[in-house]
Every structure is written in C-alpha cells, then in structure tokens.
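A.B. asks: Got a structure for you, final-v4.pdb, holding PDB, C-alpha atoms.
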MODEL        1
ATOM      1  CA  MET A   5     -11.505 -12.657 -12.718
ATOM      2  CA  ASN A   6     -11.594 -11.668  -9.050
ATOM      3  CA  PRO A   7      -8.174 -10.168  -8.104
ATOM      4  CA  LEU A   8      -7.676 -12.545  -5.161
ATOM      5  CA  ALA A   9      -8.565 -15.589  -7.248
ATOM      6  CA  MET A  10      -5.981 -14.494  -9.833
ATOM      7  CA  ILE A  11      -3.363 -13.927  -7.099
ATOM      8  CA  ALA A  12      -4.135 -17.342  -5.555
ATOM      9  CA  TYR A  13      -3.620 -18.947  -8.958
ATOM     10  CA  GLN A  14      -0.414 -17.013  -9.733
ATOM     11  CA  THR A  15       1.128 -17.818  -6.330
ATOM     12  CA  LYS A  16      -0.052 -21.423  -5.975
ATOM     13  CA  ASP A  17       3.537 -22.713  -6.166
ATOM     14  CA  TYR A  18       5.041 -20.049  -3.869
ATOM     15  CA  PRO A  19       6.215 -21.205  -0.442
ATOM     16  CA  ARG A  20       4.014 -20.515   2.560
ATOM     17  CA  LEU A  21       4.900 -19.091   5.949
ATOM     18  CA  PRO A  22       4.056 -21.235   9.020
ATOM     19  CA  ASP A  23       0.758 -19.340   9.444
ATOM     20  CA  GLY A  24      -0.235 -20.067   5.828
ATOM     21  CA  ARG A  25       0.472 -16.637   4.328
ATOM     22  CA  ILE A  26       2.232 -16.422   0.965
ATOM     23  CA  ASP A  27       6.013 -16.068   1.307
ATOM     24  CA  TYR A  28       7.275 -13.694  -1.395
ATOM     25  CA  THR A  29      10.942 -13.978  -0.343
ATOM     26  CA  GLY A  30      13.037 -14.210  -3.505
ATOM     27  CA  GLN A  31       9.998 -14.424  -5.776
ATOM     28  CA  PRO A  32      10.247 -12.529  -9.088
ATOM     29  CA  ILE A  33       6.544 -11.590  -9.151
ATOM     30  CA  CYS A  34       4.940  -9.944  -6.126
ATOM     31  CA  PHE A  35       1.404  -8.758  -5.442
ATOM     32  CA  VAL A  36       1.021  -5.801  -3.081
ATOM     33  CA  PHE A  37      -1.342  -2.977  -2.241
ATOM     34  CA  ASN A  38      -0.367   0.626  -1.596
ATOM     35  CA  CYS A  39      -2.672   3.081   0.132
ATOM     36  CA  VAL A  40      -3.412   6.661  -0.769
ATOM     37  CA  VAL A  41      -4.629   7.993   2.611
ATOM     38  CA  CYS A  42      -6.546  11.274   2.239
ATOM     39  CA  TYR A  43      -8.285  13.820   4.375
ATOM     40  CA  GLY A  44      -9.529  16.868   2.520
ATOM     41  CA  ASP A  45      -6.701  18.207   0.343
ATOM     42  CA  GLU A  46      -3.983  16.392   2.294
ATOM     43  CA  ILE A  47      -2.324  13.011   2.008
ATOM     44  CA  LEU A  48      -0.753  10.985   4.806
ATOM     45  CA  LEU A  49       2.712   9.660   3.967
ATOM     46  CA  ALA A  50       5.030   7.485   6.041
ATOM     47  CA  ARG A  51       8.828   7.701   5.963
ATOM     48  CA  ARG A  52      10.293   4.217   5.766
ATOM     49  CA  SER A  53      12.729   3.471   8.572
ATOM     50  CA  GLN A  54      16.476   3.162   8.036
ATOM     51  CA  GLN A  55      16.182  -0.560   8.868
ATOM     52  CA  GLU A  56      13.957  -1.328   5.885
ATOM     53  CA  VAL A  57      15.890  -3.393   3.320
ATOM     54  CA  GLU A  58      14.284  -1.843   0.256
ATOM     55  CA  GLN A  59      14.038   1.939  -0.172
ATOM     56  CA  PRO A  60      14.862   3.129   3.386
ATOM     57  CA  ARG A  61      13.966   6.747   4.297
ATOM     58  CA  MET A  62      11.664   7.228   1.296
ATOM     59  CA  LEU A  63       8.113   8.529   1.682
ATOM     60  CA  ASN A  64       5.325   6.155   0.743
ATOM     61  CA  GLY A  65       1.737   5.274   1.422
ATOM     62  CA  VAL A  66       0.965   2.397   3.753
ATOM     63  CA  SER A  67       1.654  -0.736   1.761
ATOM     64  CA  GLY A  68       1.790  -4.471   2.229
ATOM     65  CA  PHE A  69       2.050  -7.802   0.494
ATOM     66  CA  ILE A  70      -1.177  -9.474  -0.534
ATOM     67  CA  ASP A  71      -0.133 -12.555   1.373
ATOM     68  CA  ARG A  72      -3.606 -13.963   1.990
ATOM     69  CA  THR A  73      -6.291 -14.690  -0.557
ATOM     70  CA  ASP A  74      -9.042 -15.691   1.878
ATOM     71  CA  THR A  75     -10.092 -12.108   2.548
ATOM     72  CA  SER A  76     -10.351  -8.850   0.603
ATOM     73  CA  ILE A  77      -7.660  -6.353  -0.314
ATOM     74  CA  THR A  78      -9.604  -3.704   1.634
ATOM     75  CA  VAL A  79      -9.476  -5.881   4.786
ATOM     76  CA  LEU A  80      -5.732  -6.433   4.333
ATOM     77  CA  ALA A  81      -5.239  -2.680   3.830
ATOM     78  CA  GLY A  82      -7.266  -1.927   6.974
ATOM     79  CA  GLN A  83      -5.126  -4.342   8.988
ATOM     80  CA  GLU A  84      -1.931  -2.729   7.666
ATOM     81  CA  LEU A  85      -3.218   0.787   8.449
ATOM     82  CA  ALA A  86      -3.860  -0.304  12.039
ATOM     83  CA  GLU A  87      -0.495  -2.082  12.350
ATOM     84  CA  GLU A  88       1.727   0.591  10.757
ATOM     85  CA  LEU A  89       0.032   3.850  11.773
ATOM     86  CA  GLY A  90      -2.561   2.994  14.404
ATOM     87  CA  ILE A  91      -5.455   3.996  12.131
ATOM     88  CA  ASP A  92      -8.735   2.307  12.996
ATOM     89  CA  PRO A  93     -10.201   1.165   9.656
ATOM     90  CA  ARG A  94     -13.694   1.848  11.067
ATOM     91  CA  ASP A  95     -12.805   5.567  10.872
ATOM     92  CA  THR A  96     -12.146   5.331   7.136
ATOM     93  CA  THR A  97     -13.716   4.451   3.817
ATOM     94  CA  ILE A  98     -11.471   2.039   1.910
ATOM     95  CA  VAL A  99     -11.793   1.352  -1.822
ATOM     96  CA  ALA A 100      -9.401  -0.985  -3.678
ATOM     97  CA  ALA A 101      -8.731  -0.884  -7.401
ATOM     98  CA  GLN A 102      -9.740  -4.003  -9.310
ATOM     99  CA  GLN A 103      -6.759  -3.767 -11.673
ATOM    100  CA  PRO A 104      -3.134  -3.520 -10.533
ATOM    101  CA  LEU A 105      -0.401  -1.254 -11.799
ATOM    102  CA  MET A 106       2.611  -3.203 -13.032
ATOM    103  CA  GLN A 107       5.993  -1.895 -11.970
ATOM    104  CA  ILE A 108       9.326  -3.370 -13.028
ATOM    105  CA  ASP A 109      12.163  -3.228 -10.505
ATOM    106  CA  ALA A 110      15.149  -4.145 -12.668
ATOM    107  CA  ALA A 111      17.611  -3.605  -9.798
ATOM    108  CA  HIS A 112      15.979  -6.442  -7.831
ATOM    109  CA  SER A 113      14.726  -8.477 -10.827
ATOM    110  CA  ARG A 114      11.126  -8.186  -9.666
ATOM    111  CA  GLN A 115       7.763  -7.383 -11.148
ATOM    112  CA  TRP A 116       5.412  -5.682  -8.721
ATOM    113  CA  TYR A 117       1.666  -5.801  -9.259
ATOM    114  CA  VAL A 118       0.441  -2.924  -7.121
ATOM    115  CA  TYR A 119      -3.242  -2.550  -6.258
ATOM    116  CA  PRO A 120      -3.894   1.110  -5.416
ATOM    117  CA  VAL A 121      -6.144   1.511  -2.382
ATOM    118  CA  LEU A 122      -7.934   4.780  -1.663
ATOM    119  CA  VAL A 123      -8.434   5.466   2.049
ATOM    120  CA  GLU A 124     -10.667   8.425   2.942
ATOM    121  CA  CYS A 125     -10.358   9.426   6.586
ATOM    122  CA  ALA A 126     -13.408  10.788   8.393
ATOM    123  CA  GLN A 127     -11.104  13.109  10.378
ATOM    124  CA  ARG A 128      -7.465  14.199  10.382
ATOM    125  CA  ILE A 129      -5.887  11.293  12.239
ATOM    126  CA  THR A 130      -2.695  11.548  14.287
ATOM    127  CA  PRO A 131      -0.666   8.506  13.228
ATOM    128  CA  ARG A 132       1.166   6.188  15.647
ATOM    129  CA  LEU A 133       4.333   4.620  14.310
ATOM    130  CA  ASN A 134       5.700   1.097  14.351
ATOM    131  CA  ALA A 135       9.229  -0.123  13.505
ATOM    132  CA  GLU A 136       8.620  -0.025   9.733
ATOM    133  CA  ASN A 137       8.331   3.761   9.677
ATOM    134  CA  SER A 138      10.440   6.502  11.253
ATOM    135  CA  ALA A 139       7.862   9.275  10.744
ATOM    136  CA  ALA A 140       4.448   9.999   9.272
ATOM    137  CA  ALA A 141       2.883  13.329   8.391
ATOM    138  CA  TRP A 142       0.110  14.965   6.419
ATOM    139  CA  TYR A 143       1.202  16.821   3.286
ATOM    140  CA  PRO A 144      -0.823  19.164   1.058
ATOM    141  CA  LEU A 145      -1.491  17.519  -2.289
ATOM    142  CA  THR A 146       0.018  20.600  -3.936
ATOM    143  CA  GLU A 147       3.458  19.736  -2.452
ATOM    144  CA  ILE A 148       3.618  16.069  -3.482
ATOM    145  CA  ASP A 149       5.768  16.560  -6.584
ATOM    146  CA  ALA A 150       8.626  18.028  -4.524
ATOM    147  CA  LEU A 151       8.768  15.173  -1.980
ATOM    148  CA  PRO A 152      11.194  12.179  -1.959
ATOM    149  CA  LEU A 153       8.568   9.562  -2.788
ATOM    150  CA  LEU A 154       9.199   5.851  -3.198
ATOM    151  CA  PRO A 155       9.757   5.087  -6.897
ATOM    152  CA  PHE A 156       6.449   4.521  -8.701
ATOM    153  CA  TYR A 157       4.344   5.998  -5.853
ATOM    154  CA  HIS A 158       3.349   8.915  -8.101
ATOM    155  CA  GLU A 159       1.572   6.393 -10.350
ATOM    156  CA  THR A 160      -0.220   4.848  -7.365
ATOM    157  CA  LEU A 161      -1.150   8.309  -6.121
ATOM    158  CA  ARG A 162      -2.680   9.278  -9.475
ATOM    159  CA  ALA A 163      -4.699   6.037  -9.555
ATOM    160  CA  GLY A 164      -5.900   6.540  -5.974
ATOM    161  CA  LEU A 165      -6.938  10.124  -6.581
ATOM    162  CA  ALA A 166      -8.767   9.068  -9.759
ATOM    163  CA  MET A 167     -10.769   6.587  -7.633
ATOM    164  CA  ARG A 168     -11.502   9.434  -5.224
ATOM    165  CA  HIS A 169     -13.157  11.459  -7.948
ATOM    166  CA  LYS A 170     -15.217   8.442  -9.101
ATOM    167  CA  HIS A 171     -16.605   7.809  -5.593
ATOM    168  CA  LYS A 172     -17.646  11.364  -4.713
TER
ENDMDL
END
Output the structure of this file as structure tokens.

C.D. replies:
Amino acid sequence: MNPLAMIAYQTKDYPRLPDGRIDYTGQPICFVFNCVVCYGDEILLARRSQQEVEQPRMLNGVSGFIDRTDTSITVLAGQELAEELGIDPRDTTIVAAQQPLMQIDAAHSRQWYVYPVLVECAQRITPRLNAENSAAAWYPLTEIDALPLLPFYHETLRAGLAMRHKHK
C-alpha cells in the first residue's frame, strides 16, 4: 500500500487543524519523516531550540509530521527543509523510504512511525535558522557516534545512508 494512503487510513479519525492538516496533538500514534541531509562525507544536523517541548538542545535531522496526505513525503520534506534551514529543495535530490521505522516513546506513551528521507545536496549549503533550531552545522560522518543525537536518530541515519548507497 502507498505510504500516504496507509497514513490517511490510520489517521482518518484524528482531528484536523483549520487548514485541513492532521492534528497529532495527544495522539498515541504519529507519522513523521526525518531527513538525513548529506554532502560528500558530511551530514547536516540541526540543534533543537530550548523552546522545543520534546528533546530540546538535541541534534537531529530536519523532521516534520506527515500532516497532509495529498502530496508526497518528498514534497513535505522539501517544504520543511526550506522552512527550517532555508534549503531550496531544487538544489537537492530527495528520496523517501517506502517503509517506516517504528520507535516507541514510553515516556510520552507514543509510537512514532518515522520515514527516513535521504537528502543529497548538490553543494555545501549554509543553513539559515528558524525558531525551531538554535544552530545547524555540517559534521563529518566519522564523528556522528560521539554527538548528542535525538534518541533513535542513529537508526534513521543508518537507513538514510543505506538508501544513499542504493541510489549511487
């Protein structure tokens, strides 16, 4: 089944925001994407701002709720890249996984279905920040294991890098 059709079915009884997007507030099952943004042997990570309710100050890829099912996950990811870091999706190649990773967040009684999204940048982009992030920087892939990453991002990173090797 198409991922968006499955998400539309699973969230059919979820409330909607005034603009029609899915409202995941308080929902026990959430569908999101998380980007692995690469250029050469580096990865772009954003530091979540102190104001973020969940996991402030942790490093993460650009992520977002799959709150619309009338477009593709790659389009949603491109919009989020532009909004959060000022990255023009036309300067990237974006590939979304067809199967999500399931992550259990017992502390918040939530199941997260995370669609890894590989983003290959045509050049080393200088990110612009919005209020969701306090910093963003490129890190060598060899240093990733020592960084304070958002819980479960290592799994997303592995899945994204595996897609990278399939598409080369």

A.B. asks: Would you compute the distance between atom CA of A:Ala141 and atom CA of A:His169? Give it in Å to one decimal.

C.D. replies: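 Atom-to-atom, atom CA of A:Ala141 and atom CA of A:His169 are spaced 23.0 Å apart.
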
A.B. asks: Rounded to one decimal in Å, what is the spacing between atom CA of A:Pro19 and atom CA of A:Phe156?

C.D. replies: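 Atom CA of A:Pro19 sits 27.0 Å away from atom CA of A:Phe156.
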
A.B. asks: By how many Å are atom CA of A:Cys125 and atom CA of A:Ile11 apart?

C.D. replies: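 So the answer is 28.0 Å.
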
A.B. asks: Can you work out which one of A:Asp149, A:Glu84, A:Asp27, A:Glu136 has the shortest atom-to-atom distance to A:Arg162, counting only C-alpha atoms?

C.D. replies: A:Asp149

A.B. asks: Need the shell around A:Ala166: protein/DNA/RNA residues with any atom at most 12 Å away, counting all atoms listed in the file. Skip same-chain ones fewer than 6 positions apart. Format as a PyMOL selection string?

C.D. replies: chain A and resi 40+99-101+120-122+159-160+172

A.B. asks: Mind writing the picked residues with C-alpha atoms as a PDB file, in the frame of the given file?

C.D. replies:
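This went into part_1.pdb:
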ATOM      1  CA  VAL A  40      -3.412   6.661  -0.769  1.00  0.00           C
ATOM      2  CA  VAL A  99     -11.793   1.352  -1.822  1.00  0.00           C
ATOM      3  CA  ALA A 100      -9.401  -0.985  -3.678  1.00  0.00           C
ATOM      4  CA  ALA A 101      -8.731  -0.884  -7.401  1.00  0.00           C
ATOM      5  CA  PRO A 120      -3.894   1.110  -5.416  1.00  0.00           C
ATOM      6  CA  VAL A 121      -6.144   1.511  -2.382  1.00  0.00           C
ATOM      7  CA  LEU A 122      -7.934   4.780  -1.663  1.00  0.00           C
ATOM      8  CA  GLU A 159       1.572   6.393 -10.350  1.00  0.00           C
ATOM      9  CA  THR A 160      -0.220   4.848  -7.365  1.00  0.00           C
ATOM     10  CA  LYS A 172     -17.646  11.364  -4.713  1.00  0.00           C
TER      11      LYS A 172
END

A.B. asks: List every protein, DNA or RNA residue that has an atom no more than 8 Å from (11.9, 6.7, 0.7) in the file's coordinate frame, counting all atoms listed in the file, and report them as a list in words.

C.D. replies: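 Answer for this query, in the requested form: Arg51, Arg52, Gln59, Pro60, Arg61, Met62, Leu63, Asn64, Pro152, Leu153 and Leu154 of chain A.
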
A.B. asks: Which is closest to A:Leu21 among A:Ala163, A:Thr96, A:Arg72, A:Gly82, if we use all atoms listed in the file?

C.D. replies: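 Looking only at the distances to A:Leu21, the closest residue turns out to be A:Arg72.
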